[in-house]
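Enquirer: File follows, entry-v2.tsv with TSV, C-alpha atoms:
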```
chain	number	residue	atom	x	y	z
L	120	VAL	CA	64.56	120.72	86.01
L	121	ALA	CA	67.05	117.88	86.41
L	122	VAL	CA	66.21	114.65	84.62
L	123	GLU	CA	67.89	111.32	85.31
L	124	VAL	CA	69.06	109.86	82.02
L	125	GLY	CA	69.44	106.18	81.19
L	126	SER	CA	72.53	104.08	81.70
L	127	ARG	CA	75.68	105.90	82.69
L	128	LYS	CA	77.75	103.22	80.95
L	129	ASP	CA	78.26	105.33	77.82
L	130	ALA	CA	77.74	108.72	79.48
L	131	PRO	CA	80.54	111.31	79.29
L	132	PRO	CA	82.89	111.59	82.26
L	133	ALA	CA	82.85	114.66	84.51
L	134	MET	CA	84.64	117.31	82.44
L	135	TRP	CA	84.96	120.99	81.56
L	136	GLY	CA	85.88	122.99	78.46
L	137	HIS	CA	83.71	120.74	76.28
L	138	ALA	CA	81.48	121.88	73.43
L	139	ILE	CA	77.78	121.05	73.09
L	140	ALA	CA	75.14	121.37	70.35
L	141	ALA	CA	71.69	119.98	69.57
L	142	ALA	CA	70.77	118.53	66.18
L	143	GLN	CA	68.15	116.10	64.88
L	144	GLY	CA	66.72	115.21	68.30
L	145	LYS	CA	70.12	114.54	69.83
L	146	ILE	CA	72.53	116.43	72.04
L	147	TRP	CA	76.17	116.15	70.99
L	148	ILE	CA	79.14	116.76	73.32
L	149	ALA	CA	82.70	116.88	71.99
L	150	GLY	CA	86.14	117.65	73.36
L	151	GLY	CA	86.84	119.02	76.82
L	152	ARG	CA	89.06	118.02	79.72
L	153	THR	CA	88.44	115.49	82.43
L	154	ARG	CA	88.57	116.97	85.89
L	155	GLY	CA	91.07	116.12	88.59
L	156	LEU	CA	94.81	116.13	89.08
L	157	LYS	CA	95.43	114.08	85.94
L	158	SER	CA	93.20	116.16	83.67
L	159	LYS	CA	93.26	114.85	80.09
L	160	LEU	CA	92.07	116.35	76.84
L	161	GLN	CA	89.14	114.41	75.40
L	162	ARG	CA	88.77	113.19	71.84
L	163	LYS	CA	85.54	111.27	72.25
L	164	THR	CA	82.16	112.48	71.13
L	165	PHE	CA	79.05	111.65	73.16
L	166	CYS	CA	75.45	111.62	72.00
L	167	LEU	CA	72.30	111.83	74.12
L	168	ASP	CA	69.10	110.77	72.35
L	169	THR	CA	66.49	113.20	73.68
L	170	GLU	CA	63.63	110.73	73.14
L	171	THR	CA	65.09	107.65	74.84
L	172	LEU	CA	67.46	109.55	77.18
L	173	ALA	CA	70.15	107.02	76.28
L	174	TRP	CA	73.82	107.98	75.96
L	175	ARG	CA	76.19	106.53	73.43
L	176	ALA	CA	79.87	107.15	72.89
L	177	VAL	CA	80.89	107.84	69.30
L	178	LYS	CA	84.29	106.34	68.48
L	179	ALA	CA	86.92	108.71	67.20
L	180	GLY	CA	87.78	107.88	63.64
L	181	ARG	CA	88.99	109.35	60.42
L	182	GLY	CA	87.99	113.02	60.22
L	183	SER	CA	87.17	113.38	63.93
L	184	PRO	CA	88.63	116.35	65.83
L	185	PRO	CA	91.87	115.97	67.78
L	186	PRO	CA	91.76	115.97	71.59
L	187	ALA	CA	90.88	119.59	72.41
L	188	ALA	CA	89.18	121.81	74.97
L	189	ASP	CA	87.48	125.20	74.58
L	190	ALA	CA	86.37	124.57	70.98
L	191	SER	CA	82.97	125.47	69.55
L	192	LEU	CA	80.31	123.04	68.34
L	193	THR	CA	77.64	124.66	66.18
L	194	CYS	CA	74.58	123.18	64.50
L	195	CYS	CA	74.65	124.26	60.86
L	196	GLY	CA	71.32	122.88	59.65
L	197	GLU	CA	71.56	120.36	56.84
L	198	HIS	CA	75.35	120.87	56.69
L	199	GLY	CA	75.85	119.08	60.02
L	200	VAL	CA	77.42	120.10	63.32
L	201	VAL	CA	80.70	122.01	63.04
L	202	PHE	CA	83.55	121.63	65.55
L	203	PHE	CA	85.99	124.55	65.24
L	204	GLY	CA	89.29	125.30	66.93
L	205	GLY	CA	90.08	124.56	70.54
L	206	HIS	CA	93.15	124.36	72.73
L	207	THR	CA	95.06	121.20	71.87
L	208	GLY	CA	97.66	121.58	74.62
L	209	THR	CA	98.91	124.14	77.10
L	210	THR	CA	100.68	126.12	74.37
L	211	SER	CA	98.82	125.15	71.21
L	212	ALA	CA	95.50	125.93	69.58
L	213	SER	CA	93.76	124.75	66.42
L	214	SER	CA	91.96	126.37	63.50
L	215	ALA	CA	90.82	123.05	62.03
L	216	VAL	CA	87.20	122.54	61.04
L	217	HIS	CA	85.48	119.17	61.47
L	218	VAL	CA	81.89	118.35	60.51
L	219	LEU	CA	79.78	115.80	62.38
L	220	HIS	CA	77.01	114.17	60.36
L	221	PRO	CA	74.30	113.52	62.98
L	222	GLY	CA	72.47	110.91	60.90
L	223	THR	CA	75.49	108.60	60.85
L	224	GLY	CA	77.54	109.88	63.81
L	225	THR	CA	80.59	110.20	61.56
L	226	TRP	CA	83.06	113.05	61.25
L	227	GLU	CA	84.87	114.57	58.30
L	228	THR	CA	87.64	117.16	58.17
L	229	LEU	CA	86.59	120.20	56.16
L	230	ASP	CA	89.02	122.12	53.99
L	231	VAL	CA	88.23	125.81	54.44
L	232	GLU	CA	88.24	128.00	51.35
L	233	GLY	CA	90.07	131.30	51.57
L	234	CYS	CA	91.83	132.46	54.71
L	235	PRO	CA	90.74	130.48	57.80
L	236	PRO	CA	90.45	132.17	61.18
L	237	PRO	CA	93.64	132.01	63.26
L	238	PRO	CA	93.91	129.16	65.79
L	239	ARG	CA	91.88	129.81	68.94
L	240	GLY	CA	89.88	128.43	71.83
L	241	GLN	CA	87.34	129.94	74.27
L	242	HIS	CA	85.61	131.64	71.35
L	243	THR	CA	81.98	131.71	70.28
L	244	ALA	CA	80.52	130.68	66.94
L	245	VAL	CA	77.12	130.94	65.29
L	246	TRP	CA	75.68	129.72	61.98
L	247	ASP	CA	74.17	132.48	59.83
L	248	GLY	CA	71.49	130.12	58.45
L	249	ASP	CA	72.95	130.31	54.96
L	250	ASP	CA	76.55	129.33	54.30
L	251	SER	CA	78.78	130.95	56.93
L	252	LEU	CA	80.03	130.08	60.39
L	253	ILE	CA	80.77	133.32	62.23
L	254	VAL	CA	83.55	133.08	64.84
L	255	PHE	CA	84.22	135.77	67.43
L	256	GLY	CA	86.83	136.31	70.13
L	257	GLY	CA	88.67	133.67	72.10
L	258	THR	CA	92.25	133.15	73.09
L	259	ALA	CA	95.24	132.06	71.03
L	260	ALA	CA	97.82	129.46	72.01
L	261	GLY	CA	99.14	130.02	75.51
L	262	GLY	CA	96.11	132.15	76.47
L	263	ALA	CA	97.02	135.32	74.53
L	264	ALA	CA	93.96	137.43	73.71
L	265	LEU	CA	92.98	137.83	70.07
L	266	VAL	CA	92.25	141.15	68.38
L	267	ALA	CA	89.30	142.92	70.02
L	268	GLY	CA	86.27	143.29	67.75
L	269	GLU	CA	87.58	140.88	65.10
L	270	VAL	CA	84.90	138.68	63.53
L	271	GLN	CA	85.82	135.78	61.25
L	272	VAL	CA	83.32	134.64	58.61
```
Hey, can you dump this file as structure tokens for me?

Expert:
Amino acid sequence: VAVEVGSRKDAPPAMWGHAIAAAQGKIWIAGGRTRGLKSKLQRKTFCLDTETLAWRAVKAGRGSPPPAADASLTCCGEHGVVFFGGHTGTTSASSAVHVLHPGTGTWETLDVEGCPPPPRGQHTAVWDGDDSLIVFGGTAAGGAALVAGEVQV
């Protein structure tokens, strides 16, 4: 069922390769590329309040992810919403981890303990409900496939 949402003033532009997650009664959209001949990587984060159906744009600030497409955005319970990886250009990918705090709409960069997963985009990620984000598959910089069957925890 399609539902018309409030003002389009702060709504995200038409885009692809973005990441989306739901947390605390809101839908969060981050990253992606605008469509068209002058496609641009997006850095903005957008929030849709599911009660009021109002959009708001969240300004990029300290700790927010870089412009990227094909990243993952995963709700991790009380820990926040985690943005991982993404393609940051035609020949570059990221392995950075950023945490969105839904209550405040602010981001922080997370330092990963141990060996982080290699840079990637077009992957999937899921929260285990405890303390791990599990990342699977994707493509490395330039579109090279990653190791088949490799799971990063």

Enquirer: Atom CA of L:Val201 and atom CA of L:Pro132 are how many Å apart?

Expert: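 That distance, rounded to one decimal, is 22.0 Å.
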
Enquirer: In terms of the shortest atom-to-atom distance over only C-alpha atoms, which of L:Ala149, L:Ala264, L:Val216, L:Ile253 is closest to L:Ala179?

Expert: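 Closest to L:Ala179, using only C-alpha atoms: L:Ala149.
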
Enquirer: Given all atoms listed in the file as the basis, pick out the residue of L:Ala141, L:Ile148, L:Cys234, L:Ala259 nearest to L:Gly208.

Expert: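 Going through L:Ala141, L:Ile148, L:Cys234, L:Ala259 one by one, the smallest distance to L:Gly208 is for L:Ala259.
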
Enquirer: Between L:Ala187, L:Leu229, L:Ala133, L:Val218, which has the minimum distance to L:Gly150 (counting all atoms listed in the file)?

Expert: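 Smallest distance to L:Gly150 is found for L:Ala187.
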
Enquirer: Record the distance separating atom CA of L:Ala212 and atom CA of L:Glu197, expressed in Å with one decimal.

Expert: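 Separation between atom CA of L:Ala212 and atom CA of L:Glu197: 27.7 Å.
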